[in-house]
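Trainee: This is structure.cif, which holds mmCIF, C-alpha atoms:
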data_query
#
loop_
_atom_site.label_atom_id
_atom_site.label_comp_id
_atom_site.auth_asym_id
_atom_site.auth_seq_id
_atom_site.Cartn_x
_atom_site.Cartn_y
_atom_site.Cartn_z
CA MET A 1 28.02 -29.41 -18.58
CA MET A 2 24.56 -28.76 -19.87
CA ILE A 3 23.44 -27.85 -16.38
CA PHE A 4 26.05 -25.12 -16.10
CA LEU A 5 25.18 -23.81 -19.54
CA LEU A 6 21.54 -23.53 -18.63
CA GLY A 7 22.36 -21.13 -15.81
CA MET A 8 20.68 -20.70 -12.48
CA LYS A 9 17.53 -19.02 -13.74
CA ASN A 10 16.74 -21.76 -16.21
CA MET A 11 17.56 -24.37 -13.61
CA LYS A 12 14.82 -23.00 -11.38
CA LYS A 13 12.35 -23.11 -14.25
CA LEU A 14 13.45 -26.61 -15.11
CA THR A 15 13.05 -27.74 -11.51
CA ALA A 16 9.60 -26.21 -11.43
CA VAL A 17 8.64 -28.07 -14.62
CA PHE A 18 9.94 -31.35 -13.19
CA MET A 19 8.07 -30.71 -9.98
CA LEU A 20 4.86 -30.07 -11.87
CA LEU A 21 5.36 -33.31 -13.71
CA GLY A 22 5.86 -35.05 -10.42
CA LEU A 23 9.37 -36.04 -11.39
CA ALA A 24 11.11 -34.26 -8.57
CA THR A 25 10.28 -33.71 -4.95
CA PRO A 26 11.25 -30.45 -3.28
CA VAL A 27 14.26 -30.77 -1.02
CA PHE A 28 13.01 -27.94 1.21
CA ALA A 29 10.49 -30.24 2.86
CA GLY A 30 9.31 -28.03 5.75
CA THR A 31 9.73 -24.58 7.19
CA PRO A 32 12.86 -24.52 9.36
CA SER A 33 11.91 -24.15 13.00
CA PHE A 34 13.84 -22.53 15.86
CA THR A 35 13.11 -22.25 19.56
CA ILE A 36 13.67 -19.23 21.78
CA GLU A 37 13.11 -19.47 25.53
CA ILE A 38 12.32 -16.71 27.99
CA LYS A 39 13.78 -17.21 31.48
CA ASN A 40 14.05 -14.53 34.17
CA HIS A 41 13.03 -11.95 31.54
CA LEU A 42 15.98 -12.86 29.30
CA PHE A 43 15.95 -14.56 25.91
CA TYR A 44 17.85 -17.82 25.33
CA PRO A 45 19.58 -17.83 22.93
CA ASP A 46 19.88 -14.06 22.68
CA VAL A 47 21.52 -14.40 19.28
CA LEU A 48 19.88 -16.78 16.84
CA THR A 49 21.13 -17.47 13.34
CA VAL A 50 18.52 -18.40 10.76
CA PRO A 51 18.73 -18.99 7.00
CA ALA A 52 18.27 -15.84 4.91
CA ASN A 53 15.61 -15.50 2.19
CA LYS A 54 13.51 -18.22 3.73
CA LYS A 55 10.39 -18.35 5.83
CA VAL A 56 11.25 -19.46 9.38
CA LYS A 57 9.07 -20.66 12.24
CA LEU A 58 9.92 -19.41 15.72
CA ILE A 59 8.63 -21.26 18.75
CA ILE A 60 8.85 -18.96 21.76
CA ILE A 61 8.54 -20.65 25.13
CA ASN A 62 7.96 -18.47 28.17
CA ARG A 63 9.42 -20.25 31.22
CA ASP A 64 8.62 -17.30 33.49
CA GLU A 65 5.43 -16.98 35.47
CA SER A 66 4.76 -13.52 34.09
CA SER A 67 3.67 -12.59 30.57
CA GLU A 68 6.04 -11.26 27.96
CA GLU A 69 5.49 -9.69 24.56
CA PHE A 70 7.89 -10.76 21.84
CA GLU A 71 8.31 -7.67 19.72
CA SER A 72 10.49 -6.56 16.84
CA TYR A 73 10.14 -3.47 14.70
CA GLU A 74 12.65 -4.87 12.22
CA LEU A 75 10.77 -8.14 11.85
CA ASN A 76 7.31 -6.50 12.06
CA ARG A 77 6.22 -8.98 14.68
CA GLU A 78 4.54 -8.80 18.07
CA LYS A 79 3.00 -11.52 20.15
CA ILE A 80 2.11 -11.85 23.81
CA ILE A 81 3.09 -15.11 25.48
CA THR A 82 1.61 -15.46 28.94
CA GLY A 83 3.51 -17.15 31.76
CA GLY A 84 4.42 -20.82 31.28
CA ARG A 85 3.10 -20.98 27.73
CA LYS A 86 4.47 -20.98 24.22
CA GLY A 87 3.71 -19.10 21.04
CA ILE A 88 4.45 -19.54 17.36
CA VAL A 89 5.57 -16.71 15.10
CA PHE A 90 6.57 -17.00 11.47
CA ILE A 91 9.26 -14.61 10.22
CA GLY A 92 10.93 -13.91 6.90
CA PRO A 93 11.91 -14.36 4.18
CA LEU A 94 14.66 -12.11 5.51
CA ALA A 95 17.45 -10.42 3.60
CA PRO A 96 20.86 -11.19 5.14
CA GLY A 97 21.37 -8.96 8.16
CA GLU A 98 20.64 -8.43 11.82
CA TYR A 99 17.14 -8.12 13.23
CA PRO A 100 16.91 -7.07 16.88
CA TYR A 101 13.94 -8.12 18.98
CA PHE A 102 12.94 -7.43 22.58
CA GLY A 103 10.46 -8.31 25.28
CA GLU A 104 8.16 -5.32 25.45
CA PHE A 105 7.28 -5.95 29.09
CA HIS A 106 10.97 -5.94 30.10
CA PRO A 107 12.57 -3.91 27.31
CA LYS A 108 15.80 -3.18 29.20
CA THR A 109 16.82 -6.77 29.88
CA ALA A 110 14.87 -8.92 27.44
CA LEU A 111 16.94 -8.21 24.34
CA GLY A 112 18.00 -10.43 21.49
CA LYS A 113 18.70 -10.50 17.81
CA ILE A 114 18.18 -12.74 14.87
CA ILE A 115 20.93 -13.00 12.28
CA ALA A 116 19.81 -14.01 8.82
CA GLN A 117 22.61 -15.42 6.68
CA MET B 4 10.64 0.48 34.51
CA LEU B 5 8.68 3.66 34.96
CA LEU B 6 9.56 5.04 31.55
CA SER B 7 8.87 1.80 29.68
CA SER B 8 5.43 1.58 31.34
CA VAL B 9 4.68 5.12 30.17
CA VAL B 10 5.62 4.19 26.60
CA ILE B 11 3.76 0.86 26.54
CA VAL B 12 0.49 2.23 27.90
CA LEU B 13 0.70 5.39 25.78
CA ARG B 14 1.17 3.30 22.65
CA GLU B 15 -1.83 1.17 23.51
CA VAL B 16 -4.21 4.01 24.35
CA LEU B 17 -3.20 6.38 21.55
CA GLU B 18 -5.23 4.70 18.82
CA ALA B 19 -8.39 4.38 20.90
CA MET B 20 -8.00 7.99 22.07
CA LEU B 21 -7.67 9.19 18.49
CA LEU B 22 -10.91 7.41 17.54
CA MET B 23 -12.73 8.61 20.67
CA SER B 24 -11.75 12.25 20.25
CA LEU B 25 -12.71 12.31 16.57
CA PHE B 26 -16.08 10.71 17.34
CA MET B 27 -16.64 13.17 20.20
CA ALA B 28 -15.82 16.18 18.06
CA LEU B 29 -18.02 14.89 15.25
CA SER B 30 -20.87 14.37 17.71
CA VAL B 31 -20.71 18.07 18.52
CA HIS B 32 -20.56 18.90 14.84
CA LEU B 33 -23.54 16.67 13.98
CA GLN B 34 -25.47 17.63 17.14
CA ILE B 35 -25.46 14.12 18.53
CA SER B 36 -25.46 13.82 22.32
CA ARG B 37 -21.98 12.96 23.59
CA ARG B 38 -23.36 10.78 26.38
CA TRP B 39 -22.39 7.67 24.37
CA VAL B 40 -18.86 8.21 25.69
CA PHE B 41 -19.82 6.75 29.10
CA GLY B 42 -21.23 3.65 27.45
CA ALA B 43 -18.18 3.37 25.22
CA VAL B 44 -15.74 3.52 28.14
CA LEU B 45 -17.80 1.01 30.13
CA LEU B 46 -18.09 -1.41 27.19
CA GLY B 47 -14.42 -0.94 26.31
CA VAL B 48 -13.18 -1.68 29.83
CA LEU B 49 -15.57 -4.65 30.15
CA GLY B 50 -14.44 -5.95 26.74
CA ALA B 51 -10.78 -5.51 27.66
CA TYR B 52 -11.24 -7.30 30.97
CA THR B 53 -13.16 -10.17 29.36
CA TYR B 54 -10.46 -10.61 26.69
CA PHE B 55 -7.81 -10.46 29.42
CA ILE B 56 -9.54 -13.20 31.45
CA TRP B 57 -10.03 -15.41 28.40
CA PHE B 58 -6.69 -14.52 26.80
CA ASP B 59 -5.11 -17.99 27.13
CA ALA B 60 -8.27 -19.70 25.93
CA VAL B 61 -8.46 -17.40 22.90
CA SER B 62 -4.73 -17.90 22.23
CA ASP B 63 -5.33 -21.66 22.05
CA TRP B 64 -7.78 -21.40 19.17
CA PHE B 65 -6.49 -22.68 15.81
CA ASP B 66 -3.60 -24.59 17.40
CA GLY B 67 -2.15 -21.59 19.20
CA LEU B 68 -2.85 -18.96 16.55
CA GLY B 69 -6.00 -17.60 18.20
CA GLN B 70 -4.43 -14.37 19.45
CA GLU B 71 -3.60 -13.20 15.93
CA VAL B 72 -6.90 -14.40 14.47
CA PHE B 73 -8.95 -12.69 17.18
CA ASN B 74 -6.99 -9.43 16.95
CA ALA B 75 -7.21 -9.46 13.16
CA LEU B 76 -10.98 -9.98 13.39
CA CYS B 77 -11.23 -7.02 15.79
CA GLN B 78 -9.25 -4.89 13.35
CA PHE B 79 -11.35 -5.93 10.36
CA GLY B 80 -14.38 -5.16 12.52
CA ILE B 81 -13.09 -1.66 13.26
CA TYR B 82 -12.45 -1.16 9.55
CA LEU B 83 -16.03 -2.13 8.69
CA CYS B 84 -17.37 0.23 11.37
CA LEU B 85 -15.27 3.11 10.06
CA LEU B 86 -16.29 2.30 6.50
CA VAL B 87 -19.98 2.53 7.46
CA PHE B 88 -19.29 5.58 9.62
CA ASN B 89 -17.54 7.45 6.81
CA ILE B 90 -20.32 6.65 4.35
CA LEU B 91 -22.92 7.92 6.84
CA LEU B 92 -20.74 10.95 7.53
CA LEU B 93 -20.75 12.23 3.98
CA GLY B 94 -24.39 11.24 3.66
CA THR B 95 -25.19 13.85 6.32
CA VAL B 96 -24.40 16.57 3.81
CA LYS B 97 -27.66 15.77 2.00
CA ARG B 98 -29.70 13.86 4.54
CA ALA B 99 -30.83 14.06 8.14
CA VAL B 100 -28.32 12.58 10.58
CA PRO B 101 -29.22 8.95 11.50
CA LYS B 102 -28.22 9.50 15.14
CA LYS B 103 -28.98 6.03 16.50
CA LEU B 104 -27.04 4.33 13.73
CA PHE B 105 -24.10 6.66 14.29
CA ILE B 106 -24.00 5.86 17.99
CA ILE B 107 -24.21 2.08 17.39
CA VAL B 108 -21.32 2.21 14.92
CA ILE B 109 -19.28 4.39 17.29
CA LEU B 110 -19.91 2.04 20.23
CA VAL B 111 -18.93 -1.08 18.28
CA ALA B 112 -15.77 0.55 16.89
CA THR B 113 -14.57 1.95 20.21
CA THR B 114 -15.41 -1.27 22.10
CA LEU B 115 -13.38 -3.32 19.63
CA ALA B 116 -10.46 -0.89 19.76
CA MET B 117 -10.44 -0.61 23.55
CA SER B 118 -10.91 -4.36 24.16
CA ARG B 119 -7.87 -5.34 22.13
CA GLU B 120 -5.60 -2.63 23.47
CA GLY B 121 -6.98 -2.65 27.00
CA ALA B 122 -6.42 -6.40 27.35
CA GLU B 123 -2.74 -5.83 26.56
CA ILE B 124 -2.53 -3.22 29.32
CA PHE B 125 -4.23 -5.60 31.78
CA LEU B 126 -1.81 -8.38 30.78
CA TYR B 127 1.13 -6.02 31.16
CA ILE B 128 0.18 -4.76 34.60
CA SER B 129 -0.91 -8.20 35.84
CA SER B 130 2.50 -9.66 34.97
CA PHE B 131 3.98 -7.42 37.68
CA THR B 132 1.51 -8.16 40.45
CA SER B 133 3.89 -10.70 42.00
CA MET B 134 6.84 -8.28 41.82
CA ALA B 135 6.05 -5.88 44.63
CA ASP B 136 9.25 -3.87 44.10
CA LYS B 137 8.34 -3.02 40.52
CA LEU B 138 4.56 -2.81 40.76
CA THR B 139 4.45 0.77 42.05
CA ALA B 140 6.68 2.01 39.24
CA VAL B 141 4.64 0.11 36.66
CA LEU B 142 1.34 1.46 37.97
CA THR B 143 2.67 5.03 38.17
CA GLY B 144 4.16 4.79 34.69
CA SER B 145 0.94 3.31 33.28
CA LEU B 146 -1.05 6.14 34.84
CA PHE B 147 1.31 8.68 33.29
CA GLY B 148 1.07 6.97 29.92
CA ALA B 149 -2.72 6.89 30.07
CA SER B 150 -2.80 10.56 31.11
CA ILE B 151 -0.57 11.62 28.22
CA GLY B 152 -2.79 9.60 25.87
CA PHE B 153 -5.87 11.26 27.33
CA SER B 154 -4.28 14.71 26.89
CA VAL B 155 -3.50 13.95 23.26
CA GLY B 156 -7.14 12.95 22.85
CA VAL B 157 -8.32 16.24 24.39
CA LEU B 158 -5.97 18.17 22.10
CA ILE B 159 -7.33 16.40 19.02
CA TYR B 160 -10.90 16.98 20.21
CA TYR B 161 -10.45 20.74 20.60
CA GLY B 162 -8.31 20.86 17.48
CA VAL B 163 -11.12 19.37 15.39
CA LEU B 164 -13.77 21.54 17.12
CA ASN B 165 -11.81 24.64 16.18
CA LEU B 166 -11.60 23.74 12.52
CA PRO B 167 -13.67 25.85 10.14
CA HIS B 168 -17.12 24.28 9.74
CA TRP B 169 -16.65 23.31 6.11
CA LEU B 170 -13.37 21.57 6.87
CA THR B 171 -14.47 19.42 9.84
CA LEU B 172 -16.17 16.64 7.87
CA LYS B 173 -13.38 16.48 5.31
CA VAL B 174 -10.60 16.25 7.89
CA CYS B 175 -12.43 13.63 9.97
CA PHE B 176 -13.30 11.63 6.87
CA GLY B 177 -9.67 11.67 5.79
CA VAL B 178 -8.19 10.77 9.18
CA LEU B 179 -10.77 8.02 9.82
CA SER B 180 -10.10 6.54 6.38
CA LEU B 181 -6.38 6.41 7.13
CA VAL B 182 -6.94 4.84 10.55
CA ALA B 183 -9.36 2.33 8.98
CA ALA B 184 -6.92 1.33 6.26
CA GLY B 185 -4.19 0.99 8.89
CA MET B 186 -6.41 -1.50 10.71
CA VAL B 187 -6.59 -3.65 7.59
CA SER B 188 -2.83 -3.64 7.03
CA GLN B 189 -2.27 -4.47 10.72
CA ALA B 190 -4.70 -7.37 10.44
CA VAL B 191 -2.97 -8.57 7.29
CA ARG B 192 0.38 -8.38 9.09
CA LEU B 193 -1.00 -10.59 11.87
CA LEU B 194 -2.26 -13.13 9.36
CA ILE B 195 1.20 -13.14 7.72
CA GLN B 196 2.70 -13.69 11.19
CA ILE B 197 0.75 -16.95 11.54
CA ASP B 198 1.44 -17.98 7.94
CA TRP B 199 -2.20 -17.73 6.85
CA LEU B 200 -1.18 -15.15 4.27
CA PRO B 201 2.02 -15.32 2.21
CA ALA B 202 5.05 -13.41 3.48
CA SER B 203 7.37 -11.40 1.27
CA GLU B 204 10.47 -9.29 1.68
CA PRO B 205 9.83 -5.62 2.55
CA VAL B 206 8.85 -3.40 -0.38
CA TRP B 207 10.83 -0.48 1.01
CA ASN B 208 12.76 0.56 4.08
CA THR B 209 12.13 4.03 5.50
CA SER B 210 13.64 3.34 8.94
CA ASP B 211 16.48 5.81 8.21
CA TRP B 212 13.93 8.59 7.65
CA ILE B 213 11.35 7.83 10.29
CA SER B 214 12.22 5.20 12.85
CA GLU B 215 9.25 3.25 14.23
CA THR B 216 10.62 3.86 17.72
CA SER B 217 10.68 7.66 17.32
CA VAL B 218 7.84 9.88 18.52
CA THR B 219 6.91 10.66 14.89
CA GLY B 220 6.99 6.95 14.11
CA GLN B 221 4.72 6.15 17.05
CA LEU B 222 2.24 8.90 16.16
CA LEU B 223 2.23 7.75 12.55
CA TYR B 224 1.64 4.21 13.79
CA ALA B 225 -1.48 5.36 15.64
CA LEU B 226 -2.62 7.31 12.57
CA ILE B 227 -1.79 5.09 9.60
CA SER B 228 -0.23 2.00 11.26
CA TYR B 229 3.14 3.20 9.96
CA GLU B 230 5.71 0.54 9.37
CA SER B 231 9.19 1.24 8.04
CA THR B 232 9.52 -2.12 6.29
CA PRO B 233 6.07 -3.21 5.08
CA SER B 234 5.53 -6.29 2.97
CA LEU B 235 3.83 -6.08 -0.41
CA LEU B 236 0.55 -7.51 0.83
CA GLU B 237 0.37 -4.95 3.66
CA VAL B 238 0.84 -2.06 1.22
CA GLN B 239 -1.67 -3.51 -1.23
CA SER B 240 -4.28 -4.13 1.46
CA HIS B 241 -3.78 -0.63 2.86
CA LEU B 242 -4.38 0.94 -0.55
CA ALA B 243 -7.30 -1.37 -1.33
CA ALA B 244 -8.91 -0.52 2.02
CA ILE B 245 -8.72 3.23 1.30
CA GLY B 246 -9.93 2.61 -2.25
CA LEU B 247 -12.98 0.71 -1.02
CA ILE B 248 -13.93 3.52 1.38
CA ILE B 249 -13.67 6.12 -1.39
CA ILE B 250 -15.65 4.03 -3.89
CA CYS B 251 -18.42 3.17 -1.40
CA THR B 252 -18.67 6.79 -0.29
CA ILE B 253 -18.89 8.13 -3.83
CA LEU B 254 -21.56 5.57 -4.76
CA TYR B 255 -23.59 6.34 -1.63
CA TYR B 256 -23.21 10.09 -2.10
CA TRP B 257 -24.42 9.87 -5.72
CA ARG B 258 -27.38 7.76 -4.67
CA VAL B 259 -28.36 10.17 -1.93
CA GLN B 260 -27.91 13.11 -4.26
CA SER B 261 -30.01 11.58 -7.08
CA ILE B 262 -32.82 10.73 -4.62
CA GLY B 263 -32.61 14.28 -3.32
CA ASP B 264 -32.82 15.67 -6.88
CA GLN B 265 -35.86 13.50 -7.65
CA HIS B 266 -37.64 14.83 -4.58
CA GLU B 267 -36.83 18.37 -5.54
CA GLY B 268 -37.96 17.73 -9.14
#
For the file at hand, write its structure as structure tokens.
Mentor:
Amino acid sequence: MMIFLLGMKNMKKLTAVFMLLGLATPVFAGTPSFTIEIKNHLFYPDVLTVPANKKVKLIIINRDESSEEFESYELNREKIITGGRKGIVFIGPLAPGEYPYFGEFHPKTALGKIIAQ
Amino acid sequence: MLLSSVVIVLREVLEAMLLMSLFMALSVHLQISRRWVFGAVLLGVLGAYTYFIWFDAVSDWFDGLGQEVFNALCQFGIYLCLLVFNILLLGTVKRAVPKKLFIIVILVATTLAMSREGAEIFLYISSFTSMADKLTAVLTGSLFGASIGFSVGVLIYYGVLNLPHWLTLKVCFGVLSLVAAGMVSQAVRLLIQIDWLPASEPVWNTSDWISETSVTGQLLYALISYESTPSLLEVQSHLAAIGLIIICTILYYWRVQSIGDQHEG
């Protein structure tokens, strides 16, 4: 009952105090990680759902022989991944919503979006 | 394919062209020989090609975060060059023009800008070398993009040359300060991308007013590194970068002026 009375805001403070005292360990152990693959200038998956309001790690693997640039105006990210290699990009924390991204070198076919929820 | 090549290459060359044309126009204004432009193009292309060849090796630095670190260093480097350049620029009001120093700063700034952007163009074109059916379109589009970028540069050059004499330094100082600060916020964005700097939700969203994909958005990107949804740290670093230029310039200007007064006294 007490917990409910304290309310969410106080709960966060309380958790922080406990954490400082070393009495609690954070449950959010690591940054959630997701993989996107590029094959034949297409993204797989082309729709990726990630948790909102949280930093997320994207591992982008380019299975093609040619380079591609992962780019998104909505996510403010751009990174070139040369053929047969992988790249890491951190995104977020994102407000719930849709964030399109594309492959700048093949902008007509290499299209995808990230859904934060 | 053709149209996307035009856009990609134009986007890459626009920033370097803006810098080049301002430096060229200022050279005329300050009576510095414009021959540095040949050296700058040569160094820029060499730098771009070297970065292109070593791109994978550089990308592997810091466990795969090298690309961002290297680009951010280039951008901080350009900022420092423009900071020094702007200080020297206003110093010319009271002092003789240190021509050699000007040319060194110009060469370093343009080489850094062209290396980073040129390497991307090389990577882009090289990824089509095995696709014979698309290569011609890509090369033609790239040539178009580069030509449009060059034309914009020529326009800026003559635009600045035609400014009234008293306005030239002020306009160039202002534009270079904005470009410089944009470099810092771009570098900060890259460091956020690799989680070296803390991320935050966007401070505002102006994408309904000016979309980053629109022509205005692209031009503003070249000028001030416009972003419709910047994070707090990007905004703060942008403002701090402009602030530092203004403070350094004022301090230097005062110093030069007081020395000048002493000599006169």
Trainee: I need the residue set behind the PyMOL selection byres ((chain A) within 10 of (chain B)) for this file; please write it as JSON, numbers by chain.
Mentor: {"A": [53, 54, 55, 57, 64, 65, 66, 67, 68, 69, 73, 74, 75, 76, 77, 78, 79, 80, 81, 82, 83, 85, 86, 87, 88, 89, 90, 91, 92, 93, 94, 95, 104, 105, 106, 107, 108]}
Trainee: Name all residues at most 8 Å from B:Ala19 (count all atoms listed in the file; drop same-chain ones fewer than 6 positions away) and give them as an MDAnalysis selection string.
Mentor: chainID B and resid 113 116:117 120
Trainee: So for stretch 98-112 of chain B, what box centre and size do we get, axis-aligned, 3 Å extra on each of the six sides, every listed atom, Å to one decimal, as JSON?
Mentor:
{"center_x": -23.3, "center_y": 6.5, "center_z": 12.4, "size_x": 21.1, "size_y": 21.1, "size_z": 21.7}
Trainee: Would you kindly translate the PyMOL selection byres ((chain B and resi 238-251) around 9) into the concrete residues it picks from this file, as a PDB file with C-alpha atoms, in the coordinates of the input?
Mentor:
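Just written: part-v6.pdb:
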ATOM      1  CA  TYR B  82     -12.450  -1.160   9.550  1.00  0.00           C
ATOM      2  CA  LEU B  85     -15.270   3.110  10.060  1.00  0.00           C
ATOM      3  CA  LEU B  86     -16.290   2.300   6.500  1.00  0.00           C
ATOM      4  CA  VAL B  87     -19.980   2.530   7.460  1.00  0.00           C
ATOM      5  CA  ASN B  89     -17.540   7.450   6.810  1.00  0.00           C
ATOM      6  CA  ILE B  90     -20.320   6.650   4.350  1.00  0.00           C
ATOM      7  CA  SER B 180     -10.100   6.540   6.380  1.00  0.00           C
ATOM      8  CA  LEU B 181      -6.380   6.410   7.130  1.00  0.00           C
ATOM      9  CA  ALA B 183      -9.360   2.330   8.980  1.00  0.00           C
ATOM     10  CA  ALA B 184      -6.920   1.330   6.260  1.00  0.00           C
ATOM     11  CA  GLY B 185      -4.190   0.990   8.890  1.00  0.00           C
ATOM     12  CA  MET B 186      -6.410  -1.500  10.710  1.00  0.00           C
ATOM     13  CA  VAL B 187      -6.590  -3.650   7.590  1.00  0.00           C
ATOM     14  CA  SER B 188      -2.830  -3.640   7.030  1.00  0.00           C
ATOM     15  CA  GLN B 189      -2.270  -4.470  10.720  1.00  0.00           C
ATOM     16  CA  VAL B 191      -2.970  -8.570   7.290  1.00  0.00           C
ATOM     17  CA  VAL B 206       8.850  -3.400  -0.380  1.00  0.00           C
ATOM     18  CA  PRO B 233       6.070  -3.210   5.080  1.00  0.00           C
ATOM     19  CA  SER B 234       5.530  -6.290   2.970  1.00  0.00           C
ATOM     20  CA  LEU B 235       3.830  -6.080  -0.410  1.00  0.00           C
ATOM     21  CA  LEU B 236       0.550  -7.510   0.830  1.00  0.00           C
ATOM     22  CA  GLU B 237       0.370  -4.950   3.660  1.00  0.00           C
ATOM     23  CA  THR B 252     -18.670   6.790  -0.290  1.00  0.00           C
ATOM     24  CA  ILE B 253     -18.890   8.130  -3.830  1.00  0.00           C
ATOM     25  CA  LEU B 254     -21.560   5.570  -4.760  1.00  0.00           C
ATOM     26  CA  TYR B 255     -23.590   6.340  -1.630  1.00  0.00           C
ATOM     27  CA  TYR B 256     -23.210  10.090  -2.100  1.00  0.00           C
TER      28      TYR B 256
END
Trainee: State, in Å with one decimal place, the distance from atom CA of A:Gly84 to atom CA of A:Leu58.
Mentor: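 Pair atom CA of A:Gly84 / atom CA of A:Leu58 returns 16.6 Å.
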Trainee: Find the spatial neighbours of A:Phe34, counting only C-alpha atoms, within a cut-off of 10 Å - ignore same-chain residues fewer than 3 positions away - and output them as a VMD selection string.
Mentor: chain A and resid 31 48 to 50 56 to 60 88
Trainee: As an exercise, work out the distance from atom CA of B:Tyr224 to atom CA of B:Leu22 in Å and give it to one decimal place.
Mentor: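 If I compute the distance from atom CA of B:Tyr224 to atom CA of B:Leu22, I get 13.5 Å.
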Trainee: Neighbouring residues of B:Gly80 were defined as those with any atom within 8 Å, considering only C-alpha atoms; residues of the same chain fewer than 3 positions away were excluded. Please report them as a PyMOL selection string.
Mentor: chain B and resi 76-77+83-84+112+115
Trainee: In Å to one decimal, how far is atom CA of B:Thr53 from atom CA of B:Ser150?
Mentor: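 Separating atom CA of B:Ser150 from atom CA of B:Thr53 is a distance of 23.2 Å.
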Trainee: Let me know the residues the PyMOL selection byres ((chain A and resi 110) around 6) catches in the file above, as a list in words.
Mentor: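 Output of the PyMOL selection byres ((chain A and resi 110) around 6): His41, Leu42, Phe43, Phe102, Gly103, His106, Pro107, Thr109 and Leu111 of chain A.
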Trainee: Show me the residues around (-21.5, 21.9, 6.4) - criterion: an atom at most 12 Å away, all atoms listed in the file counted - as a list in words.
Mentor: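 Output of the proximity query reads Leu29, His32, Leu33, Leu92, Leu93, Gly94, Thr95, Val96, Lys97, Arg98, Leu166, Pro167, His168, Trp169, Leu170, Thr171, Leu172 and Lys173 of chain B.
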Trainee: So which residues are close to (-12.4, 15.7, 18.1), meaning at most 9 Å away in the file's coordinates with only C-alpha atoms counted, and can you show them as number ranges by chain?
Mentor: B: 21-31, 156-164, 175
